[in-house]
Each structure stands twice: as structure tokens, then as C-alpha cells.
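Comments concern the structure below.
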Amino acid sequence: MHDDNAQMEAGVAVSELRQQVDAMAQAAVDTCVREIPAYRELPASVLEGDLLANTRAVIELFLTTIAEGRPPTERELDLPISWGAERARDGVPLHAVLRIYLLGAREAWQQAVVTAGPELSPEALALAMLDFLGTVTPRVAEAYQQEYADLDFEHREQRQHLAGALLAGRPAWRTAERFGRTLADQYEVITFRLPEPTPGTPASPGGRADVLAPARSTATVFRAIRAEFDRLPDVLATFKGDGGTLLLPALQGEPAHEQEVSRLFARLNAAAGTRCMAAAALAHSHEAIPDAYTEAAEVLALGESLRCAPGLYRLADLAVEYQLAKPSPARDALARRIAPLMAHPHLIVTLREFLAVGCHRAAAAAALTIHRNTLTYRLGRIQVLTGYDATQSADMRQLAAAITAFDSIGGIDRP
């Protein structure tokens with residue numbers, strides 16, 4: 001009986017508080033707009049309509065649970081939960097979404113202290129308020145995160161769909177309009193590949209070399225790359241296998257554009273945690289994107305077959321090698337100059353390294369971790385077997401062309 005009387009008294013006190021609900025809701029919204037920058041970005045129609053109505057309804061629900069001495073039901077929670085999800089689509093960050101519940105609770109508390117009589121003590125109201133917030137805010141946060149994940153996936157799928165359409169040479173303007181996106185007139189097409197994962201890396205820069213951390217899995221690396229490019233909504237991206245293709249809107253002016261390409265590649269490397277192998281080609285129109293992709297893909301494949309150092313390459317960077325790698329009787333004739341070395345893989349590796357360091361003996365010996373006398377012996381063997389002396393400039397050019405042609409048709413792997 002005592003509990004019933006207390007509940008009736010609480011109901012009377014709540015009735016008095018209900019007269020202040022409009023003021024509480026307006027005060028909470030005004031405080032949000034004043035203290036939280038994200039709310040100032042919302043249209044007036046949202047602030048004066050949905051947000052105010054939502055705040056009022058939540059305060060009403062809180063007062064109802066006080067009056068009836070019970071937690072909110074699942075059906076009653078549906079509305080505040082769905083409103084939290086709507087704020088995700090408005091671009092309001094989660095901390096700002098949750099804060100309005102705390103601000104609304106503060107306004108309700110301040111009004112209650114002034115309005116409520118002895119039937120509803122401030123302590124009892126505070127406990128009820130904490131119980132209510134403990135029920136509502138986790139559910140709102142969960143709904144917000146799910147909506148955000150769905151929205152993030154939706155945006156990512158849109159960008160991948162547009163990238164796929166442009167790379168395939170299909171018209172994409174109408175699709176972009178449907179997605180509410182704007183396409184650039186020109187794009188830099190950048191295709192990249194992740195390097196092979198290594199067994200491990202030193203645990204710390206100053207740590208012992210024999211203490212290795214597990215290599216990051218390809219899936220982990222791609223998640224990091226996706227997350228990085230999700231921050232760049234104008235960059236269209238598609239991923240496949242151990243690589244992907246990025247479409248970067250082209251800036252006017254070559255220096256500015258090249259700087260932007262370099263920055264993008266730096267972000268790719270940072271996200272991957274290593275230097276990637278990539279190639280780029282500029283498409284001056286949407287119709288030119290497929291050809292630009294073909295060019296970039298060929299340059300990337302060539303750079304990999306030639307064992308070029310990781311980096312971003314254009315056709316101009318490998319123009320001579322590109323021509324030598326094209327199928328032709330000349331390419332095959334050049335490659336045959338290396339044939340006598342195929343029974344001695346270490347000599348092919350030696351020749352590659354010697355040419356790669358500009359024919360400097362000390363640098364080549366260091367790269368191969370052999371003595372300089374051993375290097376000299378190997379170079380002599382190369383001359384005996386091929387008829388070309390790698391230490392002579394004319395012969396060196398012939399051997400450089402031959403090794404390029406040889407590698408472009410498969411060559412052999414490093415031992």
C-alpha cells in the first residue's frame with residue numbers, strides 16, 4: 001500500500017513537470033546548438049522540427065516511466081533509437097548524438113528541482129534518470145553505429161560501382177547523379193599492388209633484430225587502406241586480389257596535380273605500412289579512362305617483371321624498357337644474349353645488381369654481400385659466357401637491354 005501511495009504521489013509530481021516539457025526540450029536543443037558545433041551544421045528545419053520533437057518525446061517518455069514506476073518498453077524505445085540512427089545520416093558524430101540525452105536530462109533535473117514538491121525527491125529523480133539513461137543511450141549508440149556502418153558500406157559500394165563503370169568505359173554521369181555524387185572531368189588512374197608479406201619486422205626501431213612481430217595480413221592491410229581512402233570521398237576506388245585502382249580527380253596545372261598524386265601515393269604507403277608498387281596514367285576524359293588503366297597496368301606489370309624498386313611509375317619512367325619488352329624478334333634476340341647464363345643463376349643476379357647500382361663495383365659487392373674479388377671473378381665469367389664485358393660502357397648498354405628483354409619474358413627469380 002505504501003508503494004502504491006508513493007507511486008500516486010510521484011504521478012502527481014510528474015503531472016506538474018509535464019507542463020514544463022516544451023521549455024525543457026527547447027532549452028536542451030538551444031544548449032546543443034550553442035555548445036556542440038555539429039548541431040550548428042544542421043538545417044533549421046531539422047533543429048526546429050525533428051530534433052525538437054525528438055527531444056520533447058524522449059523527455060515525455062522519461063516522465064512517463066517515473067510516473068508509472070517502470071522501465072521503458074521495447075516499443076517505446078523504438079523512436080529514440082531510430083532518431084539516433086537518423087543523426088548518423090545527418091553526419092552528426094556519435095558523441096554529439098549522445099550528449100543531447102544528457103543535456104535533456106539536465107534540463108529535466110533543473111526544472112524538477114524547482115517545480116516538483118516533496119512527493120518526488122531530487123535523489124529519487126536522479127536515480128530514475130540514471131536508470132533511464134543507462135537503458136536508452138547504449139541502445140541509441142548501437143543503432144547509430146549500425147546505421148553508420150551501413151552508410152559507410154553504402155558509400156563505399158557507390159564509389160566502387162562508379163570506379164568500375166568508368167574503368168569499363170561505361171557512362172557514369174547518371175549513376176553519379178542518382179548517388180548524389182559529382183564526377184570530375186579528368187582522372188589520374190593509379191593502379192597498385194601490395195608487396196609480398198614478409199615473415200615479420202623488428203618489434204621496435206631499437207629492439208633486437210631477432211624479436212619479430214607477425215606480418216600484417218593482407219586483409220588487415222586492405223582494411224587500413226579502405227579506411228584511409230574513405231576519408232577522401234572524391235577519390236573513387238576499387239580493390240581486387242592483392243591490389244587495386246584509384247581514380248583521383250585531376251587538378252588544373254601540372255605541378256599542383258603531380259603534388260596531389262604524390263600525396264595520394266604517400267597516404268597509400270602509410271596506410272599499407274610499406275612502400276607499394278604502383279603506376280599512373282592521366283585520362284583527359286571519361287572515355288580515355290579504360291586506355292589509361294591499360295597503360296598503367298602494363299607499366300605496373302613491367303616494373304614488377306623488371307624487379308624495379310617499390311614506387312610510383314609512369315610510362316615515361318620506363319619508356320625504353322617498355323619498348324624493349326614489346327613482343328618482337330628484336331626482344332627475343334636480346335633475351336637470347338642472357339641464355340648462356342641460365343645455367344648459372346647467381347651470375348644473372350650479379351649482372352642485375354651490377355647494372356642496378358650504375359656499375360659501381362663497391363656498391364654491387366655490398367648489395368650482393370660478396371667480396372669485390374668475387375664480384376670481379378663473376379663479371380669475368382659473364383664476359384666469357386656472353387661475349388660482353390659489363391665494365392665497358394658499350395657492352396654494358398647491350399647487357400642492360402638484354403637483361404630487360406630477358407626479364408620481360410619471365411627471366412628467373414632471385415635465388
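Ordered as shown in the C-alpha cells, chains take letters A, B, and onward, while each chain numbers its residues from 1 and ligands are numbered from 1 in the order shown.
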Tell me, as an MDAnalysis selection string, which residues lie within 12 Å of Arg331 (chain A), counting only C-alpha atoms; anything in the same chain fewer than 6 positions away does not count.
chainID A and resid 320:325 337:338 398 401:409
Given the selection you just returned, output its residues as a file containing C-alpha atoms, formatted as an mmCIF file, in the first residue's frame.
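Generated output (selection.cif):
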data_model
loop_
_atom_site.group_PDB
_atom_site.id
_atom_site.type_symbol
_atom_site.label_atom_id
_atom_site.label_comp_id
_atom_site.auth_asym_id
_atom_site.auth_seq_id
_atom_site.Cartn_x
_atom_site.Cartn_y
_atom_site.Cartn_z
ATOM 1 C CA VAL A 320 62.946 2.347 -73.021
ATOM 2 C CA GLU A 321 62.128 -0.764 -71.028
ATOM 3 C CA TYR A 322 58.539 -0.598 -72.287
ATOM 4 C CA GLN A 323 59.705 -0.659 -75.891
ATOM 5 C CA LEU A 324 62.191 -3.461 -75.235
ATOM 6 C CA ALA A 325 59.502 -5.533 -73.527
ATOM 7 C CA ARG A 337 72.116 -12.997 -75.094
ATOM 8 C CA ILE A 338 71.386 -13.952 -71.486
ATOM 9 C CA GLN A 398 73.908 -4.152 -74.626
ATOM 10 C CA ALA A 401 68.951 -4.104 -72.865
ATOM 11 C CA ALA A 402 69.388 -7.880 -72.881
ATOM 12 C CA ILE A 403 68.539 -8.293 -69.179
ATOM 13 C CA THR A 404 65.471 -6.070 -69.643
ATOM 14 C CA ALA A 405 64.240 -8.194 -72.545
ATOM 15 C CA PHE A 406 65.087 -11.377 -70.633
ATOM 16 C CA ASP A 407 63.173 -10.295 -67.517
ATOM 17 C CA SER A 408 60.192 -9.081 -69.552
ATOM 18 C CA ILE A 409 59.567 -12.629 -70.840
#
Where does DSSP see strand (DSSP E or B) in region 226-324 of chain A, if you list the residues as an MDAnalysis selection string?
chainID A and resid 236:240 243:249 277:283 311:313
Could you please take those selected residues and save all heavy atoms as a short mmCIF file (atom, residue, chain, number, x, y, z; two decimals), in the first residue's frame?
data_model
loop_
_atom_site.label_atom_id
_atom_site.label_comp_id
_atom_site.auth_asym_id
_atom_site.auth_seq_id
_atom_site.Cartn_x
_atom_site.Cartn_y
_atom_site.Cartn_z
N LEU A 236 37.72 7.77 -56.21
CA LEU A 236 36.98 6.54 -56.45
C LEU A 236 37.96 5.37 -56.37
O LEU A 236 39.10 5.48 -56.84
CB LEU A 236 36.31 6.57 -57.82
CG LEU A 236 35.37 7.76 -58.07
CD1 LEU A 236 34.79 7.69 -59.47
CD2 LEU A 236 34.26 7.80 -57.03
N ALA A 237 37.55 4.28 -55.76
CA ALA A 237 38.48 3.17 -55.54
C ALA A 237 37.80 1.84 -55.78
O ALA A 237 36.61 1.66 -55.50
CB ALA A 237 39.02 3.23 -54.11
N THR A 238 38.57 0.92 -56.33
CA THR A 238 38.11 -0.46 -56.46
C THR A 238 39.29 -1.36 -56.14
O THR A 238 40.44 -1.05 -56.46
CB THR A 238 37.57 -0.73 -57.88
OG1 THR A 238 37.10 -2.08 -57.96
CG2 THR A 238 38.62 -0.52 -58.94
N PHE A 239 39.02 -2.46 -55.44
CA PHE A 239 40.08 -3.35 -54.98
C PHE A 239 39.83 -4.76 -55.49
O PHE A 239 38.69 -5.21 -55.58
CB PHE A 239 40.14 -3.37 -53.45
CG PHE A 239 40.34 -2.00 -52.85
CD1 PHE A 239 39.26 -1.25 -52.42
CD2 PHE A 239 41.61 -1.47 -52.73
CE1 PHE A 239 39.44 0.01 -51.87
CE2 PHE A 239 41.80 -0.21 -52.19
CZ PHE A 239 40.72 0.53 -51.76
N LYS A 240 40.92 -5.44 -55.79
CA LYS A 240 40.81 -6.81 -56.28
C LYS A 240 42.12 -7.53 -56.00
O LYS A 240 43.20 -7.01 -56.29
CB LYS A 240 40.51 -6.84 -57.78
CG LYS A 240 40.28 -8.25 -58.34
CD LYS A 240 39.93 -8.21 -59.81
CE LYS A 240 39.68 -9.62 -60.35
NZ LYS A 240 39.35 -9.59 -61.80
N GLY A 243 45.73 -6.02 -54.96
CA GLY A 243 45.95 -4.66 -55.43
C GLY A 243 44.64 -3.93 -55.61
O GLY A 243 43.58 -4.35 -55.15
N GLY A 244 44.72 -2.81 -56.30
CA GLY A 244 43.51 -2.03 -56.53
C GLY A 244 43.79 -0.89 -57.49
O GLY A 244 44.93 -0.70 -57.96
N THR A 245 42.75 -0.13 -57.78
CA THR A 245 42.86 1.00 -58.70
C THR A 245 42.17 2.20 -58.08
O THR A 245 41.06 2.08 -57.54
CB THR A 245 42.23 0.68 -60.06
OG1 THR A 245 42.89 -0.46 -60.61
CG2 THR A 245 42.38 1.85 -61.02
N LEU A 246 42.82 3.35 -58.13
CA LEU A 246 42.29 4.60 -57.60
C LEU A 246 42.08 5.57 -58.74
O LEU A 246 42.92 5.66 -59.65
CB LEU A 246 43.27 5.20 -56.58
CG LEU A 246 43.75 4.27 -55.47
CD1 LEU A 246 44.85 4.97 -54.66
CD2 LEU A 246 42.61 3.84 -54.58
N LEU A 247 40.98 6.29 -58.70
CA LEU A 247 40.71 7.37 -59.67
C LEU A 247 40.73 8.68 -58.91
O LEU A 247 39.83 8.98 -58.13
CB LEU A 247 39.36 7.15 -60.35
CG LEU A 247 39.20 5.86 -61.17
CD1 LEU A 247 37.82 5.81 -61.83
CD2 LEU A 247 40.28 5.75 -62.23
N LEU A 248 41.78 9.45 -59.15
CA LEU A 248 41.97 10.73 -58.46
C LEU A 248 41.58 11.87 -59.39
O LEU A 248 42.13 11.97 -60.50
CB LEU A 248 43.44 10.87 -58.05
CG LEU A 248 43.88 12.24 -57.51
CD1 LEU A 248 43.23 12.51 -56.16
CD2 LEU A 248 45.40 12.32 -57.42
N PRO A 249 40.65 12.74 -58.99
CA PRO A 249 40.31 13.89 -59.83
C PRO A 249 41.56 14.70 -60.17
O PRO A 249 42.38 15.00 -59.29
CB PRO A 249 39.34 14.70 -58.97
CG PRO A 249 38.72 13.69 -58.06
CD PRO A 249 39.82 12.70 -57.77
N MET A 277 54.04 -0.91 -54.94
CA MET A 277 54.40 -0.77 -56.35
C MET A 277 53.17 -0.22 -57.06
O MET A 277 52.07 -0.80 -56.94
CB MET A 277 54.79 -2.12 -56.92
CG MET A 277 55.45 -2.04 -58.28
SD MET A 277 57.13 -1.41 -58.14
CE MET A 277 57.66 -1.60 -59.84
N ALA A 278 53.31 0.88 -57.80
CA ALA A 278 52.14 1.49 -58.44
C ALA A 278 52.55 2.14 -59.75
O ALA A 278 53.73 2.44 -60.00
CB ALA A 278 51.52 2.53 -57.51
N ALA A 279 51.55 2.33 -60.59
CA ALA A 279 51.75 3.02 -61.87
C ALA A 279 50.56 3.94 -62.11
O ALA A 279 49.45 3.65 -61.67
CB ALA A 279 51.91 2.03 -63.01
N ALA A 280 50.80 5.03 -62.82
CA ALA A 280 49.76 6.03 -63.04
C ALA A 280 49.73 6.47 -64.49
O ALA A 280 50.75 6.47 -65.19
CB ALA A 280 49.98 7.24 -62.13
N ALA A 281 48.52 6.84 -64.93
CA ALA A 281 48.34 7.40 -66.28
C ALA A 281 47.17 8.38 -66.21
O ALA A 281 46.17 8.10 -65.54
CB ALA A 281 48.07 6.31 -67.30
N LEU A 282 47.29 9.50 -66.90
CA LEU A 282 46.27 10.54 -66.86
C LEU A 282 45.26 10.32 -67.98
O LEU A 282 45.63 10.13 -69.14
CB LEU A 282 46.92 11.91 -67.00
CG LEU A 282 45.97 13.12 -66.99
CD1 LEU A 282 45.21 13.21 -65.68
CD2 LEU A 282 46.75 14.41 -67.25
N ALA A 283 43.98 10.36 -67.62
CA ALA A 283 42.89 10.27 -68.60
C ALA A 283 42.26 11.65 -68.74
O ALA A 283 41.75 12.21 -67.76
CB ALA A 283 41.84 9.26 -68.15
N GLY A 311 57.58 1.95 -55.80
CA GLY A 311 57.42 3.37 -56.08
C GLY A 311 56.29 3.58 -57.08
O GLY A 311 55.62 2.62 -57.48
N LEU A 312 56.08 4.82 -57.46
CA LEU A 312 55.04 5.17 -58.42
C LEU A 312 55.69 5.48 -59.76
O LEU A 312 56.54 6.38 -59.86
CB LEU A 312 54.25 6.39 -57.93
CG LEU A 312 53.14 6.89 -58.85
CD1 LEU A 312 52.03 5.85 -58.98
CD2 LEU A 312 52.56 8.20 -58.33
N TYR A 313 55.31 4.75 -60.80
CA TYR A 313 55.94 4.88 -62.11
C TYR A 313 54.92 5.33 -63.15
O TYR A 313 53.73 5.01 -63.07
CB TYR A 313 56.54 3.55 -62.56
CG TYR A 313 57.69 3.08 -61.70
CD1 TYR A 313 57.45 2.33 -60.55
CD2 TYR A 313 59.00 3.39 -62.03
CE1 TYR A 313 58.51 1.91 -59.74
CE2 TYR A 313 60.07 2.98 -61.24
CZ TYR A 313 59.81 2.23 -60.09
OH TYR A 313 60.85 1.83 -59.30
#
Measuring atom to atom with only C-alpha atoms, identify which of A:Leu347, A:Ala143, A:Ala394, A:Cys308 is nearest to Arg87 (chain A).
A:Ala143
Which residue gives the smallest distance to Glu48 (chain A) among A:Glu260, A:Asp30, A:Glu76, A:Glu35, with only C-alpha atoms counted?
A:Asp30
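Within region 257-295 of chain A, DSSP run on the backbone puts these residues in alpha helix (DSSP H): His257, Glu258, Gln259, Glu260, Val261, Ser262, Arg263, Leu264, Phe265, Ala266, Arg267, Leu268, Asn269, Ala270, Ala271, Ala272, Ile289, Pro290, Asp291, Ala292, Tyr293, Thr294 and Glu295 of chain A.
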Would you mind listing what lies within 12 Å of Ala292 (chain A) as number ranges by chain, with only C-alpha atoms counted and same-chain residues fewer than 2 positions away left out?
A: 166-169, 186-191, 245-247, 279-290, 294-299, 314-315
Suppose we keep N, CA and C atoms; can you now write the selection as a CSV table (one decimal), in the first residue's frame?
chain,number,residue,atom,x,y,z
A,166,LEU,N,33.5,3.5,-64.8
A,166,LEU,CA,34.4,4.4,-65.6
A,166,LEU,C,35.6,3.5,-66.2
A,167,LEU,N,36.1,2.6,-65.4
A,167,LEU,CA,37.2,1.8,-65.9
A,167,LEU,C,36.8,0.9,-67.0
A,168,ALA,N,35.5,0.5,-67.0
A,168,ALA,CA,35.0,-0.3,-68.1
A,168,ALA,C,34.5,0.5,-69.3
A,169,GLY,N,34.6,1.8,-69.2
A,169,GLY,CA,34.2,2.7,-70.3
A,169,GLY,C,32.7,2.9,-70.4
A,186,GLN,N,38.4,14.9,-65.6
A,186,GLN,CA,39.6,14.2,-65.8
A,186,GLN,C,40.0,13.4,-64.6
A,187,TYR,N,40.6,12.3,-64.8
A,187,TYR,CA,41.1,11.5,-63.6
A,187,TYR,C,42.5,11.0,-63.9
A,188,GLU,N,43.3,10.9,-62.8
A,188,GLU,CA,44.5,10.2,-62.8
A,188,GLU,C,44.2,8.8,-62.4
A,189,VAL,N,44.6,7.8,-63.2
A,189,VAL,CA,44.3,6.4,-62.9
A,189,VAL,C,45.6,5.8,-62.3
A,190,ILE,N,45.4,5.3,-61.1
A,190,ILE,CA,46.6,4.8,-60.3
A,190,ILE,C,46.3,3.4,-59.9
A,191,THR,N,47.0,2.4,-60.5
A,191,THR,CA,46.8,1.0,-60.1
A,191,THR,C,48.0,0.6,-59.3
A,245,THR,N,42.7,-0.1,-57.8
A,245,THR,CA,42.9,1.0,-58.7
A,245,THR,C,42.2,2.2,-58.1
A,246,LEU,N,42.8,3.3,-58.1
A,246,LEU,CA,42.3,4.6,-57.6
A,246,LEU,C,42.1,5.6,-58.7
A,247,LEU,N,41.0,6.3,-58.7
A,247,LEU,CA,40.7,7.4,-59.7
A,247,LEU,C,40.7,8.7,-58.9
A,279,ALA,N,51.5,2.3,-60.6
A,279,ALA,CA,51.8,3.0,-61.9
A,279,ALA,C,50.6,3.9,-62.1
A,280,ALA,N,50.8,5.0,-62.8
A,280,ALA,CA,49.8,6.0,-63.0
A,280,ALA,C,49.7,6.5,-64.5
A,281,ALA,N,48.5,6.8,-64.9
A,281,ALA,CA,48.3,7.4,-66.3
A,281,ALA,C,47.2,8.4,-66.2
A,282,LEU,N,47.3,9.5,-66.9
A,282,LEU,CA,46.3,10.5,-66.9
A,282,LEU,C,45.3,10.3,-68.0
A,283,ALA,N,44.0,10.4,-67.6
A,283,ALA,CA,42.9,10.3,-68.6
A,283,ALA,C,42.3,11.7,-68.7
A,284,HIS,N,42.3,12.2,-69.9
A,284,HIS,CA,41.8,13.6,-70.2
A,284,HIS,C,40.3,13.6,-70.3
A,285,SER,N,39.7,12.5,-70.4
A,285,SER,CA,38.2,12.4,-70.5
A,285,SER,C,37.8,11.1,-69.9
A,286,HIS,N,36.5,10.9,-69.7
A,286,HIS,CA,35.9,9.7,-69.2
A,286,HIS,C,36.2,8.5,-70.2
A,287,GLU,N,36.0,8.9,-71.4
A,287,GLU,CA,36.2,7.9,-72.5
A,287,GLU,C,37.6,7.4,-72.5
A,288,ALA,N,38.6,8.2,-72.1
A,288,ALA,CA,40.0,7.8,-72.1
A,288,ALA,C,40.4,6.9,-70.9
A,289,ILE,N,39.5,6.8,-69.9
A,289,ILE,CA,39.9,6.1,-68.7
A,289,ILE,C,40.3,4.6,-68.9
A,290,PRO,N,39.6,3.9,-69.7
A,290,PRO,CA,40.0,2.5,-70.0
A,290,PRO,C,41.4,2.4,-70.5
A,294,THR,N,44.7,0.6,-68.9
A,294,THR,CA,45.5,-0.4,-69.6
A,294,THR,C,47.0,0.0,-69.6
A,295,GLU,N,47.3,1.3,-69.8
A,295,GLU,CA,48.7,1.8,-69.8
A,295,GLU,C,49.3,1.6,-68.4
A,296,ALA,N,48.5,2.1,-67.4
A,296,ALA,CA,49.1,2.0,-66.0
A,296,ALA,C,49.3,0.5,-65.6
A,297,ALA,N,48.4,-0.4,-66.0
A,297,ALA,CA,48.5,-1.8,-65.7
A,297,ALA,C,49.7,-2.4,-66.3
A,298,GLU,N,50.0,-2.0,-67.6
A,298,GLU,CA,51.1,-2.5,-68.3
A,298,GLU,C,52.4,-2.0,-67.7
A,299,VAL,N,52.5,-0.8,-67.3
A,299,VAL,CA,53.7,-0.2,-66.7
A,299,VAL,C,53.9,-0.9,-65.3
A,314,ARG,N,55.4,6.1,-64.1
A,314,ARG,CA,54.7,6.4,-65.3
A,314,ARG,C,55.4,5.8,-66.5
A,315,LEU,N,54.7,5.8,-67.6
A,315,LEU,CA,55.3,5.3,-68.9
A,315,LEU,C,56.6,5.9,-69.2
